[in-house]
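Enquirer: Structure file query04.pdb (PDB, C-alpha atoms, pLDDT in the B column) right here:
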ATOM      1  CA  SER A 249       0.000   0.000   0.000  1.00 35.00           C
ATOM      2  CA  ASP A 250       0.986   3.648  -0.368  1.00 38.00           C
ATOM      3  CA  THR A 251       3.072   5.208   2.382  1.00 42.00           C
ATOM      4  CA  PRO A 252       1.976   8.326   4.305  1.00 37.00           C
ATOM      5  CA  TRP A 253       4.589  10.250   2.283  1.00 37.00           C
ATOM      6  CA  GLU A 254       2.755   9.459  -0.938  1.00 41.00           C
ATOM      7  CA  GLU A 255      -0.617  10.488   0.433  1.00 37.00           C
ATOM      8  CA  HIS A 256       0.671  13.895   1.542  1.00 35.00           C
ATOM      9  CA  GLU A 257      -0.015  16.685  -0.934  1.00 35.00           C
ATOM     10  CA  GLY A 258       3.168  18.485   0.092  1.00 37.00           C
ATOM     11  CA  LEU A 259       5.387  15.584  -0.923  1.00 38.00           C
ATOM     12  CA  LEU A 260       7.029  17.047  -4.004  1.00 37.00           C
ATOM     13  CA  PRO A 261       9.366  19.576  -2.304  1.00 37.00           C
ATOM     14  CA  ILE A 262      10.975  16.894  -0.101  1.00 37.00           C
ATOM     15  CA  PHE A 263      14.271  17.213  -2.003  1.00 37.00           C
ATOM     16  CA  ASN A 264      15.081  20.369  -0.034  1.00 38.00           C
ATOM     17  CA  LYS A 265      15.278  18.540   3.286  1.00 37.00           C
ATOM     18  CA  PRO A 266      18.928  18.524   4.495  1.00 35.00           C
ATOM     19  CA  GLN A 267      18.981  14.946   5.831  1.00 37.00           C
ATOM     20  CA  PHE A 268      18.898  13.472   2.314  1.00 37.00           C
ATOM     21  CA  GLN A 269      22.636  13.131   1.788  1.00 42.00           C
ATOM     22  CA  ARG A 270      24.897  10.518   0.270  1.00 45.00           C
ATOM     23  CA  SER A 271      25.477   7.434   2.363  1.00 47.00           C
ATOM     24  CA  ASP A 272      27.840   4.479   2.320  1.00 47.00           C
ATOM     25  CA  LEU A 273      25.066   1.949   1.763  1.00 46.00           C
ATOM     26  CA  HIS A 274      25.764  -0.759  -0.775  1.00 48.00           C
ATOM     27  CA  ALA A 275      25.433   0.354  -4.398  1.00 65.00           C
ATOM     28  CA  SER A 276      23.098  -2.543  -5.208  1.00 79.00           C
ATOM     29  CA  LYS A 277      20.300  -0.849  -3.234  1.00 84.00           C
ATOM     30  CA  PHE A 278      20.713   2.310  -5.284  1.00 86.00           C
ATOM     31  CA  GLU A 279      20.792   0.330  -8.527  1.00 86.00           C
ATOM     32  CA  GLU A 280      17.588  -1.523  -7.631  1.00 89.00           C
ATOM     33  CA  LEU A 281      15.791   1.707  -6.779  1.00 91.00           C
ATOM     34  CA  TYR A 282      17.076   3.748  -9.701  1.00 89.00           C
ATOM     35  CA  TYR A 283      17.169   1.230 -12.551  1.00 88.00           C
ATOM     36  CA  GLY A 284      14.571  -1.203 -11.228  1.00 90.00           C
ATOM     37  CA  ARG A 285      11.929   1.281 -10.116  1.00 93.00           C
ATOM     38  CA  LEU A 286      12.483   4.983 -10.774  1.00 92.00           C
ATOM     39  CA  ARG A 287      13.389   4.781 -14.448  1.00 90.00           C
ATOM     40  CA  LEU A 288      10.435   2.510 -15.158  1.00 93.00           C
ATOM     41  CA  LEU A 289       8.019   4.822 -13.342  1.00 93.00           C
ATOM     42  CA  GLU A 290       9.358   7.805 -15.293  1.00 90.00           C
ATOM     43  CA  GLU A 291       9.019   5.834 -18.521  1.00 90.00           C
ATOM     44  CA  TRP A 292       5.399   5.179 -17.573  1.00 93.00           C
ATOM     45  CA  MET A 293       4.782   8.892 -17.011  1.00 90.00           C
ATOM     46  CA  ALA A 294       6.466   9.837 -20.283  1.00 88.00           C
ATOM     47  CA  THR A 295       4.715   7.264 -22.507  1.00 91.00           C
ATOM     48  CA  ARG A 296       1.470   6.768 -20.555  1.00 91.00           C
ATOM     49  CA  ASN A 297       2.005   3.039 -21.095  1.00 92.00           C
ATOM     50  CA  VAL A 298       2.680   0.541 -18.311  1.00 93.00           C
ATOM     51  CA  PRO A 299       6.281  -0.783 -18.638  1.00 93.00           C
ATOM     52  CA  PRO A 300       6.293  -4.586 -19.119  1.00 91.00           C
ATOM     53  CA  GLN A 301       9.037  -5.029 -16.493  1.00 91.00           C
ATOM     54  CA  LEU A 302       7.377  -2.915 -13.789  1.00 93.00           C
ATOM     55  CA  HIS A 303       8.804  -3.623 -10.332  1.00 94.00           C
ATOM     56  CA  GLN A 304       6.715  -5.895  -8.106  1.00 93.00           C
ATOM     57  CA  GLN A 305       6.381  -3.140  -5.487  1.00 93.00           C
ATOM     58  CA  ASP A 306       4.764  -0.833  -8.045  1.00 94.00           C
ATOM     59  CA  LYS A 307       2.280  -3.242  -9.620  1.00 92.00           C
ATOM     60  CA  ASP A 308      -0.390  -2.096  -7.170  1.00 92.00           C
ATOM     61  CA  LEU A 309      -0.597   1.079  -9.292  1.00 93.00           C
ATOM     62  CA  VAL A 310      -1.928  -1.031 -12.185  1.00 92.00           C
ATOM     63  CA  ARG A 311      -4.507  -2.669  -9.947  1.00 85.00           C
ATOM     64  CA  GLN A 312      -5.597   0.790  -8.790  1.00 78.00           C
ATOM     65  CA  GLY A 313      -6.400   1.864 -12.328  1.00 79.00           C
ATOM     66  CA  SER A 314      -3.100   3.358 -13.537  1.00 77.00           C
ATOM     67  CA  ASP A 315      -4.017   6.816 -12.246  1.00 89.00           C
ATOM     68  CA  MET A 316      -1.164   9.064 -13.427  1.00 91.00           C
ATOM     69  CA  GLY A 317      -1.368  11.259 -10.347  1.00 90.00           C
ATOM     70  CA  ARG A 318      -0.600   8.234  -8.193  1.00 92.00           C
ATOM     71  CA  VAL A 319       2.180   7.193 -10.568  1.00 92.00           C
ATOM     72  CA  GLU A 320       3.778  10.633 -10.233  1.00 89.00           C
ATOM     73  CA  ARG A 321       3.516  10.548  -6.440  1.00 91.00           C
ATOM     74  CA  ARG A 322       5.040   7.058  -6.365  1.00 93.00           C
ATOM     75  CA  SER A 323       7.846   8.228  -8.663  1.00 91.00           C
ATOM     76  CA  THR A 324       8.559  11.147  -6.348  1.00 89.00           C
ATOM     77  CA  TYR A 325       8.643   8.863  -3.319  1.00 92.00           C
ATOM     78  CA  VAL A 326      10.998   6.413  -5.050  1.00 93.00           C
ATOM     79  CA  ARG A 327      13.250   9.356  -5.998  1.00 90.00           C
ATOM     80  CA  TYR A 328      13.380  10.207  -2.292  1.00 89.00           C
ATOM     81  CA  LEU A 329      14.518   6.624  -1.619  1.00 91.00           C
ATOM     82  CA  VAL A 330      17.100   6.863  -4.430  1.00 89.00           C
ATOM     83  CA  ASN A 331      18.564  10.060  -2.999  1.00 88.00           C
ATOM     84  CA  ASN A 332      18.636   8.517   0.470  1.00 85.00           C
ATOM     85  CA  ASN A 333      20.640   5.525  -0.827  1.00 85.00           C
ATOM     86  CA  LEU A 334      23.193   7.141  -3.106  1.00 83.00           C
ATOM     87  CA  PRO A 335      26.557   5.372  -3.380  1.00 78.00           C
ATOM     88  CA  ALA A 336      29.447   6.885  -1.475  1.00 78.00           C
ATOM     89  CA  CYS A 337      30.965   9.931  -3.181  1.00 79.00           C
ATOM     90  CA  ARG A 338      34.078   9.466  -5.246  1.00 81.00           C
ATOM     91  CA  GLN A 339      37.238  10.993  -3.752  1.00 86.00           C
ATOM     92  CA  SER A 340      40.211  12.451  -5.614  1.00 87.00           C
ATOM     93  CA  GLY A 341      42.573  12.295  -2.645  1.00 88.00           C
ATOM     94  CA  LEU A 342      43.046  16.069  -2.802  1.00 92.00           C
ATOM     95  CA  GLU A 343      39.961  17.084  -0.809  1.00 92.00           C
ATOM     96  CA  HIS A 344      42.108  17.623   2.294  1.00 92.00           C
ATOM     97  CA  TYR A 345      44.004  20.303   0.340  1.00 95.00           C
ATOM     98  CA  LEU A 346      40.870  22.269  -0.573  1.00 96.00           C
ATOM     99  CA  GLU A 347      39.483  24.895   1.787  1.00 96.00           C
ATOM    100  CA  VAL A 348      36.207  26.815   1.833  1.00 96.00           C
ATOM    101  CA  GLN A 349      36.770  30.521   2.468  1.00 95.00           C
ATOM    102  CA  LYS A 350      35.180  33.863   1.653  1.00 96.00           C
ATOM    103  CA  SER A 351      35.199  34.223  -2.123  1.00 93.00           C
ATOM    104  CA  SER A 352      36.689  37.098  -4.041  1.00 90.00           C
ATOM    105  CA  VAL A 353      33.569  37.251  -6.232  1.00 90.00           C
ATOM    106  CA  ALA A 354      30.515  36.075  -4.245  1.00 85.00           C
ATOM    107  CA  GLY A 355      29.760  34.402  -0.922  1.00 89.00           C
ATOM    108  CA  LEU A 356      31.952  31.412  -0.184  1.00 93.00           C
ATOM    109  CA  GLY A 357      34.515  29.951  -2.553  1.00 96.00           C
ATOM    110  CA  LEU A 358      36.882  26.992  -2.774  1.00 97.00           C
ATOM    111  CA  PHE A 359      40.638  27.536  -2.527  1.00 97.00           C
ATOM    112  CA  ALA A 360      43.634  25.320  -3.264  1.00 96.00           C
ATOM    113  CA  LYS A 361      45.941  24.790  -0.272  1.00 96.00           C
ATOM    114  CA  MET A 362      48.673  23.236  -2.392  1.00 96.00           C
ATOM    115  CA  ASP A 363      49.966  23.581  -5.943  1.00 96.00           C
ATOM    116  CA  LEU A 364      47.774  21.695  -8.414  1.00 96.00           C
ATOM    117  CA  LYS A 365      48.971  20.502 -11.809  1.00 95.00           C
ATOM    118  CA  LYS A 366      47.085  21.034 -15.058  1.00 95.00           C
ATOM    119  CA  ASP A 367      44.727  18.125 -15.933  1.00 95.00           C
ATOM    120  CA  CYS A 368      44.666  16.706 -12.398  1.00 95.00           C
ATOM    121  CA  VAL A 369      41.321  15.645 -10.893  1.00 95.00           C
ATOM    122  CA  ILE A 370      40.786  18.155  -8.099  1.00 96.00           C
ATOM    123  CA  CYS A 371      37.537  16.784  -6.666  1.00 95.00           C
ATOM    124  CA  TYR A 372      34.102  15.507  -7.665  1.00 95.00           C
ATOM    125  CA  TYR A 373      30.736  17.223  -7.917  1.00 95.00           C
ATOM    126  CA  SER A 374      27.912  14.937  -6.817  1.00 93.00           C
ATOM    127  CA  GLY A 375      24.594  15.199  -5.042  1.00 91.00           C
ATOM    128  CA  HIS A 376      20.917  14.373  -5.346  1.00 90.00           C
ATOM    129  CA  ILE A 377      19.643  13.078  -8.667  1.00 90.00           C
ATOM    130  CA  HIS A 378      16.881  15.018 -10.393  1.00 87.00           C
ATOM    131  CA  SER A 379      14.895  14.584 -13.579  1.00 83.00           C
ATOM    132  CA  PRO A 380      13.443  17.559 -15.484  1.00 74.00           C
ATOM    133  CA  SER A 381      10.098  16.958 -13.772  1.00 72.00           C
ATOM    134  CA  SER A 382      11.434  16.691 -10.212  1.00 76.00           C
ATOM    135  CA  PHE A 383      13.733  19.657 -10.798  1.00 69.00           C
ATOM    136  CA  ARG A 384      10.691  21.939 -11.136  1.00 66.00           C
ATOM    137  CA  TRP A 385       9.916  21.408  -7.443  1.00 61.00           C
ATOM    138  CA  ASN A 386      13.420  22.182  -6.249  1.00 59.00           C
ATOM    139  CA  GLY A 387      13.330  25.592  -4.596  1.00 58.00           C
ATOM    140  CA  ASN A 388      17.094  26.225  -4.732  1.00 64.00           C
ATOM    141  CA  LYS A 389      18.459  25.724  -8.249  1.00 71.00           C
ATOM    142  CA  HIS A 390      21.861  27.298  -7.575  1.00 82.00           C
ATOM    143  CA  TYR A 391      23.719  23.998  -7.246  1.00 86.00           C
ATOM    144  CA  VAL A 392      22.174  21.991 -10.104  1.00 87.00           C
ATOM    145  CA  PHE A 393      24.160  20.937 -13.176  1.00 89.00           C
ATOM    146  CA  GLU A 394      22.962  18.853 -16.108  1.00 88.00           C
ATOM    147  CA  LEU A 395      24.688  15.478 -16.395  1.00 89.00           C
ATOM    148  CA  THR A 396      22.423  14.391 -19.264  1.00 88.00           C
ATOM    149  CA  PRO A 397      19.157  15.895 -20.535  1.00 84.00           C
ATOM    150  CA  MET A 398      17.328  13.505 -18.177  1.00 84.00           C
ATOM    151  CA  ILE A 399      19.713  13.528 -15.186  1.00 88.00           C
ATOM    152  CA  TRP A 400      20.573  16.658 -13.218  1.00 89.00           C
ATOM    153  CA  ILE A 401      22.860  16.654 -10.193  1.00 92.00           C
ATOM    154  CA  ASP A 402      22.021  18.865  -7.202  1.00 90.00           C
ATOM    155  CA  ALA A 403      24.590  19.417  -4.437  1.00 90.00           C
ATOM    156  CA  GLY A 404      22.443  22.049  -2.725  1.00 85.00           C
ATOM    157  CA  GLN A 405      21.744  19.935   0.363  1.00 82.00           C
ATOM    158  CA  CYS A 406      25.187  18.293   0.471  1.00 86.00           C
ATOM    159  CA  PRO A 407      27.529  20.804   2.160  1.00 88.00           C
ATOM    160  CA  GLN A 408      30.228  18.128   2.449  1.00 90.00           C
ATOM    161  CA  ILE A 409      30.692  18.245  -1.359  1.00 92.00           C
ATOM    162  CA  LYS A 410      33.509  20.773  -1.650  1.00 94.00           C
ATOM    163  CA  ALA A 411      33.025  21.237  -5.394  1.00 95.00           C
ATOM    164  CA  ARG A 412      29.694  22.982  -4.699  1.00 94.00           C
ATOM    165  CA  TYR A 413      31.635  26.021  -3.451  1.00 96.00           C
ATOM    166  CA  ILE A 414      33.419  26.633  -6.764  1.00 96.00           C
ATOM    167  CA  ASN A 415      32.249  29.938  -8.233  1.00 94.00           C
ATOM    168  CA  GLU A 416      32.199  31.044 -11.849  1.00 92.00           C
ATOM    169  CA  GLY A 417      34.875  33.550 -12.750  1.00 90.00           C
ATOM    170  CA  GLU A 418      33.821  37.119 -13.462  1.00 89.00           C
ATOM    171  CA  GLU A 419      35.916  36.933 -16.647  1.00 90.00           C
ATOM    172  CA  PRO A 420      36.430  33.808 -18.811  1.00 85.00           C
ATOM    173  CA  ASN A 421      40.199  33.840 -18.298  1.00 90.00           C
ATOM    174  CA  GLN A 422      39.636  33.664 -14.537  1.00 92.00           C
ATOM    175  CA  ASN A 423      38.277  30.113 -14.784  1.00 95.00           C
ATOM    176  CA  ASN A 424      40.948  27.548 -13.938  1.00 96.00           C
ATOM    177  CA  CYS A 425      38.999  24.277 -13.858  1.00 96.00           C
ATOM    178  CA  LYS A 426      36.150  22.522 -15.674  1.00 95.00           C
ATOM    179  CA  ARG A 427      33.525  19.810 -15.206  1.00 94.00           C
ATOM    180  CA  ILE A 428      33.750  16.429 -16.935  1.00 94.00           C
ATOM    181  CA  SER A 429      30.633  14.234 -16.861  1.00 93.00           C
ATOM    182  CA  LEU A 430      31.001  10.743 -15.372  1.00 92.00           C
ATOM    183  CA  LEU A 431      27.703   9.151 -16.368  1.00 88.00           C
ATOM    184  CA  ASP A 432      28.220   5.777 -14.667  1.00 85.00           C
ATOM    185  CA  ASP A 433      28.982   7.470 -11.340  1.00 88.00           C
ATOM    186  CA  PHE A 434      26.267  10.154 -11.498  1.00 90.00           C
ATOM    187  CA  CYS A 435      28.785  12.911 -10.881  1.00 92.00           C
ATOM    188  CA  PHE A 436      31.278  15.303 -12.465  1.00 94.00           C
ATOM    189  CA  ALA A 437      35.048  15.291 -12.174  1.00 95.00           C
ATOM    190  CA  ILE A 438      36.511  18.754 -11.584  1.00 95.00           C
ATOM    191  CA  ILE A 439      39.683  19.048 -13.682  1.00 96.00           C
ATOM    192  CA  ALA A 440      42.381  21.720 -13.519  1.00 96.00           C
ATOM    193  CA  THR A 441      42.661  23.507 -16.893  1.00 96.00           C
ATOM    194  CA  ARG A 442      46.042  25.008 -15.975  1.00 96.00           C
ATOM    195  CA  ASP A 443      48.565  24.869 -13.151  1.00 97.00           C
ATOM    196  CA  ILE A 444      46.967  26.312 -10.000  1.00 97.00           C
ATOM    197  CA  SER A 445      49.067  27.825  -7.225  1.00 97.00           C
ATOM    198  CA  ASN A 446      48.678  27.303  -3.498  1.00 97.00           C
ATOM    199  CA  GLY A 447      46.181  29.888  -2.214  1.00 96.00           C
ATOM    200  CA  GLU A 448      44.335  30.413  -5.515  1.00 97.00           C
ATOM    201  CA  GLU A 449      40.555  30.365  -5.640  1.00 97.00           C
ATOM    202  CA  LEU A 450      39.023  27.806  -7.983  1.00 97.00           C
ATOM    203  CA  PHE A 451      36.665  28.976 -10.738  1.00 96.00           C
ATOM    204  CA  MET A 452      34.792  27.188 -13.529  1.00 94.00           C
ATOM    205  CA  ASN A 453      32.436  28.127 -16.326  1.00 91.00           C
ATOM    206  CA  TYR A 454      28.893  27.181 -15.287  1.00 90.00           C
ATOM    207  CA  GLY A 455      27.604  27.216 -18.871  1.00 81.00           C
ATOM    208  CA  LYS A 456      24.547  28.772 -20.499  1.00 73.00           C
ATOM    209  CA  ASP A 457      22.271  25.857 -19.536  1.00 72.00           C
ATOM    210  CA  PHE A 458      22.935  26.524 -15.860  1.00 71.00           C
ATOM    211  CA  TRP A 459      21.891  30.158 -16.081  1.00 54.00           C
ATOM    212  CA  GLN A 460      18.808  29.333 -18.127  1.00 66.00           C
ATOM    213  CA  LYS A 461      17.650  26.980 -15.365  1.00 65.00           C
ATOM    214  CA  GLN A 462      17.787  29.847 -12.868  1.00 63.00           C
ATOM    215  CA  GLN A 463      14.822  31.498 -14.610  1.00 60.00           C
ATOM    216  CA  PRO A 464      11.439  31.086 -12.856  1.00 54.00           C
ATOM    217  CA  SER A 465       9.452  28.077 -14.053  1.00 52.00           C
ATOM    218  CA  GLN A 466       6.525  28.830 -16.325  1.00 49.00           C
ATOM    219  CA  ASP A 467       4.606  25.753 -15.113  1.00 46.00           C
TER
END
Would you mind writing the file out in structure tokens?

Expert:
Amino acid sequence: SDTPWEEHEGLLPIFNKPQFQRSDLHASKFEELYYGRLRLLEEWMATRNVPPQLHQQDKDLVRQGSDMGRVERRSTYVRYLVNNNLPACRQSGLEHYLEVQKSSVAGLGLFAKMDLKKDCVICYYSGHIHSPSSFRWNGNKHYVFELTPMIWIDAGQCPQIKARYINEGEEPNQNNCKRISLLDDFCFAIIATRDISNGEELFMNYGKDFWQKQQPSQD
């Protein structure tokens, strides 16, 4: 049967709750939830057709008449479970040499505490997994980057992810690192685009897509 979460009309904004952070739980749980349930529920919503391999725990939705409102609520609840069972974050080994301080351009920023060589992996940007539909309900869009058109990564409620503090340079030549998508790991690698000196602030180009997503939703 449906959980109390699914019956609550205020369910959709649950992604903003701070306790939903990455854990060290076994990756198989995440894979079951994401590939075995969430993707099939989203396929159902997109095509309006019941997927033939629908997970056993979601077959009650068919018996209840395939109401799309219930399918969307179930999808949102399963996304909550996915984001509560994310695999442990990848580590570059350099996180200890990165420090969050007051930025020279806005708010907080991330600074190198050792010399970094061009092309080295500085750290990783990971967080909660959104789809275009779930992203609409995310109040804070300032930490969301597009991994694929259907997968967006949000580090907004994951303050332990140091990459979330990297600002965009005020001028293009100020940027000294970039994001590389790692699709299998649901994250980005942050790569140095030049040698970076001890004490320098890290900057990267956020891209046009990022700024377009900051516009108010028309839905």

Enquirer: Select from stretch 276-347 of chain A every residue with an atom at most 10 Å from any atom of stretch 405-413 of chain A, then for each give the shortest pair of atoms and their distance in Å to one decimal, using only C-alpha atoms, rows by chain and rising number, as JSON lines.

Expert:
{"residue": "A:Cys337", "atom": "CA", "partner": "A:Ile409", "partner_atom": "CA", "distance": 8.5}
{"residue": "A:Glu343", "atom": "CA", "partner": "A:Lys410", "partner_atom": "CA", "distance": 7.5}
{"residue": "A:His344", "atom": "CA", "partner": "A:Lys410", "partner_atom": "CA", "distance": 10.0}
{"residue": "A:Leu346", "atom": "CA", "partner": "A:Lys410", "partner_atom": "CA", "distance": 7.6}
{"residue": "A:Glu347", "atom": "CA", "partner": "A:Lys410", "partner_atom": "CA", "distance": 8.0}

Enquirer: Pick from A:Asp457, A:Asp443, A:Glu291, A:Leu302: nearest to A:Met362, with all atoms listed in the file counted?

Expert: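 Of all the options, A:Asp443 lies closest to A:Met362.
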
Enquirer: What is the atom CA of A:Lys277 to atom CA of A:Met293 distance in Å?

Expert: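 These atoms are spaced 22.9 Å apart.
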
Enquirer: What do you get, as a list in words, if you spell out every residue that the PyMOL selection byres ((chain A and resi 278) around 8) selects here?

Expert: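 So the PyMOL selection byres ((chain A and resi 278) around 8) ends up selecting His274, Ala275, Ser276, Lys277, Glu279, Glu280, Leu281, Tyr282, Val330, Asn333, Leu334 and Pro335 of chain A.
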
Enquirer: Translate the PyMOL selection byres ((chain A and resi 400) around 12) into a concrete residue list for this structure, as number ranges by chain.

Expert: A: 373-384, 386, 389, 391-399, 401-404, 429, 431, 434-436, 457-458, 461

Enquirer: Given all atoms listed in the file as the basis, pick out the residue of A:Ala437, A:Leu309, A:Asp315, A:Gly417 nearest to A:Arg338.

Expert: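 Among A:Ala437, A:Leu309, A:Asp315, A:Gly417, it is A:Ala437 that comes nearest to A:Arg338.
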
Enquirer: Using all atoms listed in the file for the distances, tell me which of A:Leu288, A:Ala336, A:Glu416, A:Gly355 is nearest to A:Gln304.

Expert: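 Smallest distance to A:Gln304 is found for A:Leu288.
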
Enquirer: Can you tell me how far atom CA of A:Leu364 sits from atom CA of A:Asn423, in Å to one decimal?

Expert: 14.2 Å

Enquirer: Just give me the gap between atom CA of A:Ala360 and atom CA of A:Asn421 in Å, one decimal is fine.

Expert: 17.6 Å

Enquirer: Rank nothing, just name the residue among A:Asn331, A:Ala440, A:Ala354, A:Val310 nearest to A:Asp367, using only C-alpha atoms.

Expert: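 Once distances to A:Asp367 are computed over only C-alpha atoms, the minimum belongs to A:Ala440.
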
Enquirer: Go through A:Ile370, A:Tyr454, A:Ile414, A:Pro299 one by one, measure the shortest atom-to-atom distance of each to A:Gly341 using all atoms listed in the file, and give the residue with the smallest value.

Expert: A:Ile370

Enquirer: Would you write out, as a ChimeraX atom specification, every residue that the PyMOL selection byres ((chain A and resi 422) around 12) captures in this file?

Expert: /A:352-353,415-421,423-426,441-442,444,448-453

Enquirer: Would you list the residues near (9.1, 8.0, -8.2) (no more than 9 Å away, in the coordinates of the file, using all atoms listed in the file) as number ranges by chain?

Expert: A: 285-290, 319-330

Enquirer: If we count all atoms listed in the file and set the cut-off at 7 Å, which residues sit around A:Val348, ignoring sequence neighbours fewer than 2 positions away in its own chain? Please answer as a list in words.

Expert: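 My list of contacting residues is Leu346, Leu356, Gly357, Leu358 and Phe359 of chain A.
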
Enquirer: For each of A:Asn297, A:Ile439, A:Trp292, A:Lys456, take the minimum atom-to-atom distance to A:Lys366, counting all atoms listed in the file, then give the residue where this is smallest.

Expert: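 With all atoms listed in the file as the atom set, the closest residue is A:Ile439.
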